[in-house]
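*Asks:* Shown below is the structure under consideration.
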Amino acid sequence: MFKRKIITLSAIMIAGLMTFQANVLADAVEEKPYLSLGADLSTDQKSKVLELLDVDEKALDQYNIVTVTNADEHKYLDYLDSSVIGTKALSSVLVEKRDKGEGIDVTTKNITSCTAGMYENALTTAGVTDATVTVAGPFNITGTAALVGAMNAYEDMTGEDISSESKDAATNELVVTSELADQLNDSDKAEQFLALIKEKVLSDDVKSESDINDIIDECSKDLDITVTDDQKAQIAELMQKINKLDLNVNDLKEQASKIYDKLSDMDIDTQGIF
C-alpha cells in the first residue's frame with residue numbers, strides 16, 4: 001500500500017513537471033520574434049535584408065516568418081498610384097514584443113520616404129502596442145508598403161486581429177504624412193503635425209468636419225505650417241476615419257512617446273483646444 005502511494009505521488013509529480021515544461025516551451029514559441037519578408041525578394045536580396053535586420057540566415061528557425069505579397073500591399077495602399085507601390089513586394093520587417101508600457105520603437109534601413117516617426121504614428125493608429133520594429137529594404141525603397149508587413153506580423157505575434165478600418169486608417173496616415181513631409185521638406189514637422197492633430201481630435205468632443213478643420217488650423221498656427229486646401233481636405237478625411245476608431249489618447253502618447261515628448265519640449269499644448 002505504501003509503495004502504491006509512492007508510485008502514485010511520483011506519477012503526479014512527473015505529470016506536473018511535464019505540464020510545466022510544456023507551458024515553458026509554449027511560452028518560448030510565443031516569444032519568438034516575427035519576420036515579415038517581401039515575397040519577391042531574390043536570394044541575394046533576402047540575404048541583404050536579413051543582414052540589415054541583424055538576423056542570422058542560418059538561425060531562421062528561431063523566428064516566426066510571414067510573407068507579404070504585392071497583392072497584400074495593393075489591398076491597403078490604394079491611396080498611391082500603382083506605379084509607386086510597384087509590382088514586387090520587397091520591404092521586410094522584424095517585429096519583437098516589448099514589455100507593457102515600453103511603447104513602440106522603430107528603426108529604418110534603406111527606407112527613403114517613411115521615417116521611424118511616421119511608422120510609429122501609423123502603428124499607434126493601427127492599435128499596435130509595445131513592439132520593436134525594424135524596417136529594411138534590399139536597396140533604397142520608399143518603404144510605404146512595409147507597414148502592411150508590420151501589421152500582419154504583429155497580428156500573428158499577438159493573436160490580436162487588427163480591424164480592416166484600423167489598417168485602412170493607418171496606411172492612409174502613413175501616405176498622407178510622407179506626402180506632406182515631401183511638400184514641407186521637413187519630416188519632423190510632418191510627423192509632429194499629424195500627431196498633434198490626431199491627439200486633439202481624440203481628446204476633444206469632435207463630431208463634425210468643421211471641428212476637425214478648426215483643429216487643423218490651430219495646429220498649423222502652433223507649428224507654423226501652411227497647408228493647401230487639398231492637404232487640409234486629405235487630413236480632415238483621415239481624421240474622420242481615426243475618430244471612429246477605439247483609440248485611447250493616453251495609450252497614443254505612451255506608444256509614440258518620442259514624438260509627443262518633442263511636442264512637449266516645444267511647449268505645444270497637447271491637451272485639446274476647446
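Letters for chains follow the order of the C-alpha cells (A, B, ...), residue numbers begin at 1 for each chain, and ligand numbers begin at 1 in the order shown.
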Do you know which residues are at most 8 Å from region 187-202 of chain A counting only C-alpha atoms, after dropping those on the same chain fewer than 4 positions away, and could you put them as a ChimeraX atom specification?
*Replies:* /A:115,117-118,121,177-178,180-182,206,212,215-216,219-220,223,239,242-243,247-249,252,259-260,262-263,270-273
*Asks:* Go through A:Val49, A:Thr67, A:Glu31, A:Val128 and flag the residue nearest Thr108 (chain A), using only C-alpha atoms for the distances.
*Replies:*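 Closest candidate: A:Val49.
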*Asks:* Among region 26-124 of chain A, which residues carry a DSSP assignment of alpha helix (DSSP H), reported as a PyMOL selection string?
*Replies:* chain A and resi 26-30+43-52+70-76+82-85+116-124
*Asks:* Taking into account only C-alpha atoms, which residue in the set A:Met266, A:Ala131, A:Val227, A:Ala236 is nearest to Gly101 (chain A)?
*Replies:*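 Selected residue with least distance to Gly101 (chain A): A:Ala131.
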*Asks:* Got a sec to tell me which of region 93-222 of chain A DSSP assigns to strand (DSSP E), as a list in words?
*Replies:*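 Those residues are Val93, Leu94, Val95, Glu96, Lys97, Ile104, Asp105, Val106, Thr107, Thr108, Lys109, Asn110, Ile111, Ala131, Thr132, Val133, Thr134, Val135, Ala136, Gly137, Pro138, Phe139, Asn140 and Ile141 of chain A.
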*Asks:* Would you save the residues of that selection, restricted to C-alpha atoms, as a short mmCIF file (atom, residue, chain, number, x, y, z; two decimals), in the first residue's frame?
*Replies:*
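Everything below was put into part.cif:
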```
data_model
loop_
_atom_site.label_atom_id
_atom_site.label_comp_id
_atom_site.auth_asym_id
_atom_site.auth_seq_id
_atom_site.Cartn_x
_atom_site.Cartn_y
_atom_site.Cartn_z
CA VAL A 93 10.07 43.91 -41.22
CA LEU A 94 11.27 42.42 -37.95
CA VAL A 95 8.78 42.74 -35.08
CA GLU A 96 9.71 41.93 -31.47
CA LYS A 97 7.42 42.26 -28.45
CA ILE A 104 6.79 51.39 -30.00
CA ASP A 105 10.37 51.79 -31.19
CA VAL A 106 11.06 51.85 -34.92
CA THR A 107 14.33 51.72 -36.89
CA THR A 108 14.54 52.00 -40.67
CA LYS A 109 17.27 50.86 -43.08
CA ASN A 110 17.29 51.63 -46.82
CA ILE A 111 13.90 53.36 -46.46
CA ALA A 131 6.89 46.50 -30.02
CA THR A 132 10.35 46.97 -31.52
CA VAL A 133 10.00 47.26 -35.28
CA THR A 134 12.87 47.28 -37.79
CA VAL A 135 12.04 48.02 -41.42
CA ALA A 136 14.53 47.24 -44.19
CA GLY A 137 14.79 47.15 -47.95
CA PRO A 138 17.40 45.33 -50.05
CA PHE A 139 18.24 48.75 -51.54
CA ASN A 140 16.71 52.22 -51.24
CA ILE A 141 12.91 51.91 -51.45
#
```
*Asks:* Please report the interatomic distance between CA of Asp168 (chain A) and CA of Asp251 (chain A) in Å with one decimal.
*Replies:*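 Calculated distance between CA of Asp168 (chain A) and CA of Asp251 (chain A) is 19.7 Å.
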